[in-house]
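What's in model-v8.txt: compact mmCIF, C-alpha atoms
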# COMPACT_ATOMS: atom_id res chain seq x y z
CA MET A 1 -8.73 23.87 -6.06
CA SER A 2 -7.09 21.48 -3.62
CA SER A 3 -3.99 19.64 -4.81
CA TYR A 4 -4.82 16.64 -2.58
CA ARG A 5 -4.82 13.31 -4.42
CA GLY A 6 -5.46 10.14 -2.45
CA ARG A 7 -5.94 6.51 -3.43
CA PHE A 8 -7.28 3.12 -2.41
CA ALA A 9 -5.24 0.29 -3.93
CA PRO A 10 -6.54 -3.22 -3.19
CA SER A 11 -5.10 -6.44 -4.56
CA PRO A 12 -7.67 -8.65 -6.34
CA THR A 13 -6.95 -11.74 -4.25
CA GLY A 14 -10.57 -11.96 -3.11
CA ALA A 15 -13.62 -9.90 -2.21
CA LEU A 16 -13.47 -6.79 -0.04
CA HIS A 17 -13.62 -7.50 3.70
CA ALA A 18 -13.98 -5.37 6.82
CA GLY A 19 -10.30 -4.43 6.95
CA SER A 20 -10.17 -3.27 3.36
CA LEU A 21 -13.39 -1.27 3.79
CA VAL A 22 -11.82 0.64 6.69
CA ALA A 23 -8.93 1.68 4.43
CA ALA A 24 -11.27 2.57 1.56
CA MET A 25 -13.54 4.61 3.83
CA ALA A 26 -10.76 6.54 5.53
CA SER A 27 -8.92 7.32 2.30
CA PHE A 28 -12.16 8.43 0.64
CA LEU A 29 -13.26 10.65 3.53
CA ASP A 30 -9.82 12.19 3.84
CA ALA A 31 -9.82 13.10 0.15
CA ARG A 32 -13.30 14.60 0.43
CA ALA A 33 -12.39 16.48 3.63
CA HIS A 34 -9.54 18.16 1.77
CA ASP A 35 -11.62 18.84 -1.38
CA GLY A 36 -9.32 16.46 -3.18
CA VAL A 37 -9.39 13.63 -5.70
CA TRP A 38 -9.91 9.99 -4.70
CA LEU A 39 -8.51 7.26 -6.94
CA VAL A 40 -8.95 3.50 -7.11
CA ARG A 41 -6.06 1.35 -8.30
CA ILE A 42 -6.23 -2.43 -8.70
CA GLU A 43 -2.83 -3.90 -7.83
CA ASP A 44 -3.04 -7.04 -9.97
CA ILE A 45 0.60 -7.88 -10.68
CA ASP A 46 0.77 -11.19 -8.82
CA PRO A 47 -1.04 -13.71 -11.05
CA PRO A 48 -0.44 -16.70 -8.74
CA ARG A 49 -2.43 -14.93 -6.00
CA ASP A 50 -4.89 -12.86 -8.04
CA ILE A 51 -8.38 -14.29 -8.53
CA PRO A 52 -9.96 -13.78 -11.98
CA GLY A 53 -12.85 -11.32 -11.77
CA ALA A 54 -12.00 -10.17 -8.25
CA GLY A 55 -10.89 -6.72 -9.38
CA GLU A 56 -14.17 -6.08 -11.18
CA HIS A 57 -16.07 -7.37 -8.16
CA ILE A 58 -14.18 -4.99 -5.85
CA ILE A 59 -15.07 -2.03 -8.08
CA ARG A 60 -18.76 -3.01 -8.13
CA THR A 61 -18.82 -3.45 -4.35
CA LEU A 62 -17.23 -0.05 -3.82
CA ALA A 63 -19.84 1.53 -6.09
CA ARG A 64 -22.66 -0.05 -4.08
CA LEU A 65 -21.18 1.54 -0.98
CA GLY A 66 -21.05 4.97 -2.59
CA LEU A 67 -17.32 4.78 -3.30
CA ALA A 68 -16.49 5.57 -6.93
CA SER A 69 -13.10 6.61 -8.25
CA ASP A 70 -12.92 10.21 -9.44
CA GLU A 71 -10.78 9.12 -12.38
CA PRO A 72 -10.64 5.91 -14.44
CA VAL A 73 -9.47 2.94 -12.38
CA LEU A 74 -5.80 2.15 -12.92
CA TRP A 75 -4.94 -1.54 -13.39
CA GLN A 76 -1.35 -2.48 -12.70
CA HIS A 77 -1.36 -5.20 -15.36
CA ASP A 78 -1.30 -2.34 -17.90
CA ARG A 79 1.80 -0.77 -16.37
CA HIS A 80 4.67 -3.23 -17.00
CA GLU A 81 6.52 -0.87 -19.35
CA ALA A 82 6.45 1.89 -16.73
CA TYR A 83 7.91 -0.42 -14.09
CA GLN A 84 10.66 -1.54 -16.44
CA ALA A 85 11.46 2.09 -17.30
CA ALA A 86 11.75 2.94 -13.60
CA LEU A 87 13.97 -0.10 -12.98
CA ASP A 88 16.22 0.85 -15.91
CA ARG A 89 16.52 4.38 -14.54
CA LEU A 90 17.55 3.09 -11.13
CA ILE A 91 20.06 0.69 -12.68
CA ALA A 92 21.60 3.61 -14.57
CA GLN A 93 21.93 5.46 -11.26
CA GLY A 94 23.70 2.50 -9.67
CA ARG A 95 20.81 2.04 -7.23
CA VAL A 96 19.84 -1.49 -8.35
CA TYR A 97 21.90 -4.67 -8.58
CA GLY A 98 21.35 -8.31 -9.44
CA CYS A 99 21.04 -10.83 -6.61
CA ALA A 100 21.71 -14.57 -6.88
CA CYS A 101 20.54 -15.50 -3.37
CA SER A 102 17.66 -17.82 -2.60
CA ARG A 103 15.45 -17.13 0.42
CA LYS A 104 17.12 -19.99 2.27
CA GLU A 105 20.56 -18.55 1.58
CA VAL A 106 19.46 -15.11 2.77
CA ALA A 107 18.10 -16.57 6.01
CA LEU A 108 21.23 -18.65 6.67
CA ARG A 109 23.62 -15.77 6.00
CA ALA A 110 21.58 -13.36 8.11
CA ALA A 111 21.61 -15.86 10.99
CA GLU A 112 25.39 -16.27 10.67
CA LEU A 113 25.82 -12.51 10.95
CA GLY A 114 23.36 -12.20 13.82
CA LEU A 115 20.92 -10.10 11.79
CA PRO A 116 17.16 -10.07 12.45
CA ALA A 117 15.15 -12.57 10.42
CA GLY A 118 14.31 -11.26 6.97
CA VAL A 119 17.11 -8.69 6.76
CA TYR A 120 19.12 -8.99 3.56
CA PRO A 121 22.81 -9.21 4.49
CA GLY A 122 24.15 -7.55 1.34
CA THR A 123 25.69 -10.72 -0.06
CA CYS A 124 25.52 -9.65 -3.72
CA ARG A 125 26.25 -5.94 -3.31
CA LEU A 126 29.67 -6.45 -4.93
CA GLY A 127 28.45 -8.92 -7.54
CA THR A 128 27.13 -12.46 -7.85
CA HIS A 129 30.58 -13.97 -8.59
CA GLY A 130 29.34 -15.77 -11.67
CA ARG A 131 26.14 -17.08 -10.16
CA PRO A 132 22.97 -16.41 -12.21
CA VAL A 133 20.90 -13.39 -11.19
CA ARG A 134 17.60 -14.31 -9.57
CA ALA A 135 16.20 -10.95 -8.48
CA MET A 136 16.91 -7.23 -8.67
CA ARG A 137 17.51 -5.37 -5.41
CA PHE A 138 17.40 -1.69 -4.49
CA LEU A 139 20.58 -0.38 -2.92
CA THR A 140 19.49 1.34 0.29
CA THR A 141 21.32 4.31 1.75
CA SER A 142 22.99 4.34 5.15
CA GLY A 143 21.58 6.27 8.10
CA THR A 144 18.02 6.67 9.31
CA THR A 145 14.88 7.66 7.43
CA THR A 146 12.25 9.50 9.46
CA PHE A 147 8.75 10.68 8.63
CA THR A 148 5.82 12.01 10.65
CA ASP A 149 2.64 9.98 10.35
CA ARG A 150 -0.62 11.86 10.86
CA LEU A 151 -1.87 9.27 13.38
CA CYS A 152 1.22 7.45 14.60
CA GLY A 153 3.60 10.38 14.97
CA ASP A 154 7.31 10.24 14.18
CA PHE A 155 8.63 6.95 12.82
CA THR A 156 12.32 6.26 12.23
CA GLN A 157 13.99 3.30 10.60
CA ASP A 158 17.54 2.44 9.55
CA VAL A 159 16.49 0.76 6.33
CA GLU A 160 19.93 -0.60 5.48
CA HIS A 161 20.30 -2.41 8.80
CA GLU A 162 16.67 -3.16 9.72
CA VAL A 163 15.47 -4.26 6.26
CA GLY A 164 18.45 -4.44 3.94
CA ASP A 165 18.45 -3.97 0.19
CA PHE A 166 14.96 -4.97 -0.90
CA VAL A 167 13.63 -6.68 -4.02
CA LEU A 168 12.17 -4.66 -6.91
CA LYS A 169 11.88 -7.53 -9.39
CA ARG A 170 11.33 -11.01 -8.05
CA ALA A 171 13.06 -14.26 -8.90
CA ASP A 172 9.89 -15.41 -10.71
CA GLY A 173 10.09 -12.36 -12.99
CA LEU A 174 7.18 -10.54 -11.37
CA TRP A 175 7.34 -6.95 -10.16
CA ALA A 176 7.60 -6.44 -6.43
CA TYR A 177 4.88 -4.48 -4.65
CA GLN A 178 7.36 -1.83 -3.51
CA LEU A 179 8.33 -0.78 -7.03
CA ALA A 180 4.90 -1.02 -8.66
CA ALA A 181 3.10 0.89 -5.90
CA ILE A 182 5.65 3.71 -5.84
CA VAL A 183 5.86 4.07 -9.61
CA ASP A 184 2.07 4.31 -9.77
CA ASP A 185 1.82 6.75 -6.86
CA ILE A 186 4.24 9.02 -8.70
CA HIS A 187 2.40 8.55 -12.00
CA GLN A 188 -0.97 9.36 -10.42
CA GLY A 189 0.37 12.34 -8.50
CA VAL A 190 -0.64 10.90 -5.13
CA THR A 191 -0.03 13.44 -2.36
CA ASP A 192 -1.55 11.56 0.58
CA VAL A 193 -1.55 7.86 1.45
CA VAL A 194 -4.13 6.59 3.96
CA ARG A 195 -3.74 2.86 4.64
CA GLY A 196 -3.41 0.17 7.30
CA ALA A 197 -0.77 0.26 10.03
CA ASP A 198 0.71 -3.02 8.76
CA LEU A 199 2.48 -0.92 6.12
CA LEU A 200 3.91 1.62 8.56
CA ASP A 201 7.34 -0.04 8.61
CA ASN A 202 7.34 -0.29 4.80
CA THR A 203 7.20 3.48 4.51
CA PRO A 204 10.89 4.40 5.06
CA ARG A 205 12.03 2.06 2.29
CA GLN A 206 9.33 3.49 0.03
CA ILE A 207 10.48 7.02 0.82
CA GLN A 208 14.03 6.07 -0.21
CA LEU A 209 12.69 4.64 -3.47
CA ILE A 210 10.51 7.69 -4.16
CA GLU A 211 13.45 10.02 -3.63
CA ALA A 212 15.69 7.90 -5.87
CA LEU A 213 13.09 8.32 -8.61
CA GLY A 214 13.20 12.09 -8.18
CA ALA A 215 9.80 12.59 -6.56
CA GLN A 216 8.55 13.94 -3.25
CA ALA A 217 7.16 11.57 -0.63
CA PRO A 218 3.45 11.95 0.12
CA CYS A 219 1.93 12.56 3.54
CA TYR A 220 1.00 9.36 5.37
CA MET A 221 -1.76 8.25 7.71
CA HIS A 222 -1.63 4.65 8.97
CA LEU A 223 -4.88 3.30 10.40
CA PRO A 224 -5.50 0.82 13.23
CA LEU A 225 -5.91 -2.67 11.82
CA VAL A 226 -9.04 -4.77 11.94
CA LEU A 227 -8.03 -8.01 13.70
CA ASN A 228 -9.49 -11.50 13.63
CA PRO A 229 -10.37 -13.38 16.85
CA GLU A 230 -6.79 -14.68 17.06
CA GLY A 231 -5.43 -11.12 17.10
CA GLN A 232 -4.06 -11.33 13.56
CA LYS A 233 -4.57 -8.75 10.85
CA LEU A 234 -7.83 -9.49 9.05
CA SER A 235 -6.86 -10.54 5.53
CA LYS A 236 -7.98 -12.64 2.62
CA GLN A 237 -5.08 -14.99 3.27
CA GLN A 238 -6.39 -15.54 6.82
CA GLY A 239 -9.86 -16.35 5.49
CA ALA A 240 -11.52 -12.98 6.12
CA THR A 241 -15.26 -13.04 5.47
CA PRO A 242 -16.32 -10.92 2.48
CA LEU A 243 -18.49 -7.90 3.14
CA ASP A 244 -22.19 -8.59 3.45
CA GLU A 245 -23.46 -6.92 0.30
CA ASP A 246 -27.04 -7.33 1.52
CA ASP A 247 -26.24 -5.03 4.45
CA PRO A 248 -24.15 -2.18 3.01
CA LEU A 249 -25.21 0.32 5.67
CA GLY A 250 -24.30 -2.09 8.44
CA GLU A 251 -20.87 -2.63 6.91
CA LEU A 252 -20.31 1.12 6.60
CA GLU A 253 -21.35 1.70 10.22
CA ARG A 254 -19.00 -1.02 11.49
CA ALA A 255 -16.07 0.38 9.53
CA TRP A 256 -16.89 3.87 10.79
CA MET A 257 -16.93 2.76 14.40
CA HIS A 258 -13.61 0.94 13.96
CA LEU A 259 -12.17 4.33 13.00
CA GLY A 260 -13.13 5.61 16.44
CA PHE A 261 -16.45 7.32 15.79
CA ASP A 262 -19.92 6.78 17.25
CA ARG A 263 -22.57 4.98 15.23
CA LEU A 264 -24.34 7.37 12.85
CA GLY A 265 -27.65 5.56 12.51
CA ALA A 266 -28.06 6.74 8.91
CA ASP A 267 -31.07 5.49 6.95
CA SER A 268 -29.37 5.49 3.54
CA ILE A 269 -25.90 5.30 2.06
CA HIS A 270 -26.14 8.91 0.89
CA ALA A 271 -27.15 10.03 4.37
CA PHE A 272 -24.27 8.05 5.87
CA TRP A 273 -21.64 9.88 3.81
CA ASP A 274 -23.32 13.25 4.41
CA ALA A 275 -23.12 12.67 8.16
CA ALA A 276 -19.65 11.13 8.22
CA LEU A 277 -17.79 13.75 6.19
CA PRO A 278 -18.05 16.73 8.57
CA LEU A 279 -17.13 14.52 11.53
CA TRP A 280 -14.03 13.21 9.77
CA LYS A 281 -13.16 16.71 8.64
CA SER A 282 -13.40 18.14 12.15
CA ARG A 283 -11.06 15.46 13.52
CA HIS A 284 -8.58 14.81 10.72
CA ALA A 285 -8.56 17.57 8.10
CA VAL A 286 -5.25 19.41 7.83
CA PRO A 287 -5.76 23.20 7.64
Exercise: express the given structure as structure tokens:
Amino acid sequence: MSSYRGRFAPSPTGALHAGSLVAAMASFLDARAHDGVWLVRIEDIDPPRDIPGAGEHIIRTLARLGLASDEPVLWQHDRHEAYQAALDRLIAQGRVYGCACSRKEVALRAAELGLPAGVYPGTCRLGTHGRPVRAMRFLTTSGTTTFTDRLCGDFTQDVEHEVGDFVLKRADGLWAYQLAAIVDDIHQGVTDVVRGADLLDNTPRQIQLIEALGAQAPCYMHLPLVLNPEGQKLSKQQGATPLDEDDPLGELERAWMHLGFDRLGADSIHAFWDAALPLWKSRHAVP
């Protein structure tokens, strides 16, 4: 039996749209092409952005498209104790420290030092000097982190200098995406991550975090993004139109063609997946 375990992990900030369907489709087909397991995880740890009922709606929409999780859906709102345990472990290792900086202070200090916008300048690495802790940051390691993406090839980043020590627990007390996603990938035994190219430059910091937690990084495939007419990533925050649930086959065909394949012309959802799988397998399956 294949050891492949993949996942699709949407945030319930709205209905599925064309961009999220591309990620769901590719991750599902890749799992099937490797005789693996496909999981759905609802990343609902940001209450100010999450929309009540959106997670359930996403699951129903996926089911209508023939996309059902092979195991029970994992909801991140049930996982707070696991995130705290991981944070405590990293604190014990000396890999996490408290940060007193506001976003404005980070931006001003980075500008003073000539750092790129958004890079944390390490202000609180040696302590907050009596100022109250606002957030918890991961202490990155020096040097470069490199991985080979299945579509994008080799990618290298000096996380310490290009990103800086990144937040694991936010100033508002909520868990950061980086920690929650990695803790759950480890918990679910995820071996392969297929997702949008907007997360390509997040991957080196995630690899550092995975290794600090004593796990092995998965294989990665980052997909071309679906863009809006202004050339921006299609997203719920940018007002992306929800999928047309009255035209599921049309939505599947459009997502399939965005992935670089010719239209299948299937007459049913079942026929679509039967036709798509061998084509994906011939192009992307790893022997």
- request: Pick out the closest residue to Arg137 (chain A) from this set: A:Ala285, A:Met221, A:Leu179, A:Leu279. Count only C-alpha atoms.
  value: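 Counting only C-alpha atoms, the residue closest to Arg137 (chain A) is A:Leu179.
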query: Got a sec: who's within 9 Å of region 267-274 of chain A, counting only C-alpha atoms, leaving out chain neighbours fewer than 2 positions off, as a VMD selection string?
result: chain A and resid 29 64 to 66 248 to 249 252 to 253 264 to 265 276 to 278
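Nearest-residue note for Leu39 (chain A): choosing from A:Val194, A:Val226, A:Leu168, A:Ala180, the minimum distance belongs to A:Val194, counting all atoms listed in the file.
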query: Which protein, DNA or RNA residues are at most 9 Å from (-11.3, 21.7, 2.7) in the file's coordinates when you count all atoms listed in the file, listed as a PyMOL selection string?
result: chain A and resi 2+32-36+281+285-287
The selected residues should be written to file as a tab-separated table (two decimals), in the coordinates of the input (atoms: C-alpha atoms).
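Result written to again_13.tsv:
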chain	number	residue	atom	x	y	z
A	2	SER	CA	-7.09	21.48	-3.62
A	32	ARG	CA	-13.30	14.60	0.43
A	33	ALA	CA	-12.39	16.48	3.63
A	34	HIS	CA	-9.54	18.16	1.77
A	35	ASP	CA	-11.62	18.84	-1.38
A	36	GLY	CA	-9.32	16.46	-3.18
A	281	LYS	CA	-13.16	16.71	8.64
A	285	ALA	CA	-8.56	17.57	8.10
A	286	VAL	CA	-5.25	19.41	7.83
A	287	PRO	CA	-5.76	23.20	7.64
query: Taking all atoms listed in the file into account, which of A:Cys152, A:Leu21, A:Leu90, A:Ala240 comes nearest Gly214 (chain A)?
result: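 The answer is A:Leu90, which sits nearest to Gly214 (chain A).
The list of residues with at least one atom within 12 Å of Gly153 (chain A), based on only C-alpha atoms and without residues fewer than 4 positions apart in the same chain, reads A:Thr146, A:Phe147, A:Thr148, A:Asp149, A:Leu200, A:Cys219, A:Tyr220, A:Met221, A:His222, A:Leu223.
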- prompt: Which residues come within 7 Å of Val119 (chain A), counting all atoms listed in the file, excluding same-chain residues fewer than 4 positions away, as a ChimeraX atom specification?
  reply: /A:110,115,162-164
- request: Measure the distance from CA of Ala212 (chain A) to CA of Arg41 (chain A) in Å and round it to one decimal.
  value: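 Going from CA of Ala212 (chain A) over to CA of Arg41 (chain A), I get 22.8 Å.
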Taking (0.7, -8.9, -13.8) as a centre in this file's frame and 10 Å as the limit, can you find every polymer residue with an atom that close, using only C-alpha atoms, and give them as a compact mmCIF listing (two decimals) with C-alpha atoms, in the frame of the given file?
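New file point-v5.txt:
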# COMPACT_ATOMS: atom_id res chain seq x y z
CA GLU A 43 -2.83 -3.90 -7.83
CA ASP A 44 -3.04 -7.04 -9.97
CA ILE A 45 0.60 -7.88 -10.68
CA ASP A 46 0.77 -11.19 -8.82
CA PRO A 47 -1.04 -13.71 -11.05
CA PRO A 48 -0.44 -16.70 -8.74
CA ASP A 50 -4.89 -12.86 -8.04
CA TRP A 75 -4.94 -1.54 -13.39
CA GLN A 76 -1.35 -2.48 -12.70
CA HIS A 77 -1.36 -5.20 -15.36
CA ASP A 78 -1.30 -2.34 -17.90
CA ARG A 79 1.80 -0.77 -16.37
CA HIS A 80 4.67 -3.23 -17.00
CA LEU A 174 7.18 -10.54 -11.37
CA TRP A 175 7.34 -6.95 -10.16
- line: Of A:Ala171, A:Asp70, A:His161, A:Thr141, the one sitting nearest Cys99 (chain A) when using all atoms listed in the file is A:Ala171
Box for region 12-20 of chain A: with edges along x, y and z, all listed atoms inside and 6 Å added on each side, what are the centre and edge lengths in Å to one decimal, as lines of an AutoDock Vina configuration file?
center_x = -10.5
center_y = -7.6
center_z = 0.3
size_x = 19.0
size_y = 20.7
size_z = 25.3
- request: Compare A:Thr13, A:Ala18, A:Ala68, A:Asp201 by their minimum atom-to-atom distance to Leu227 (chain A), counting only C-alpha atoms, and give me the closest one.
  value: A:Ala18
Which residue of A:Ser11, A:Gln84, A:Ser69, A:Thr203 approaches Pro52 (chain A) most closely, using all atoms listed in the file: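 Under the stated criterion, the closest residue is A:Ser11.
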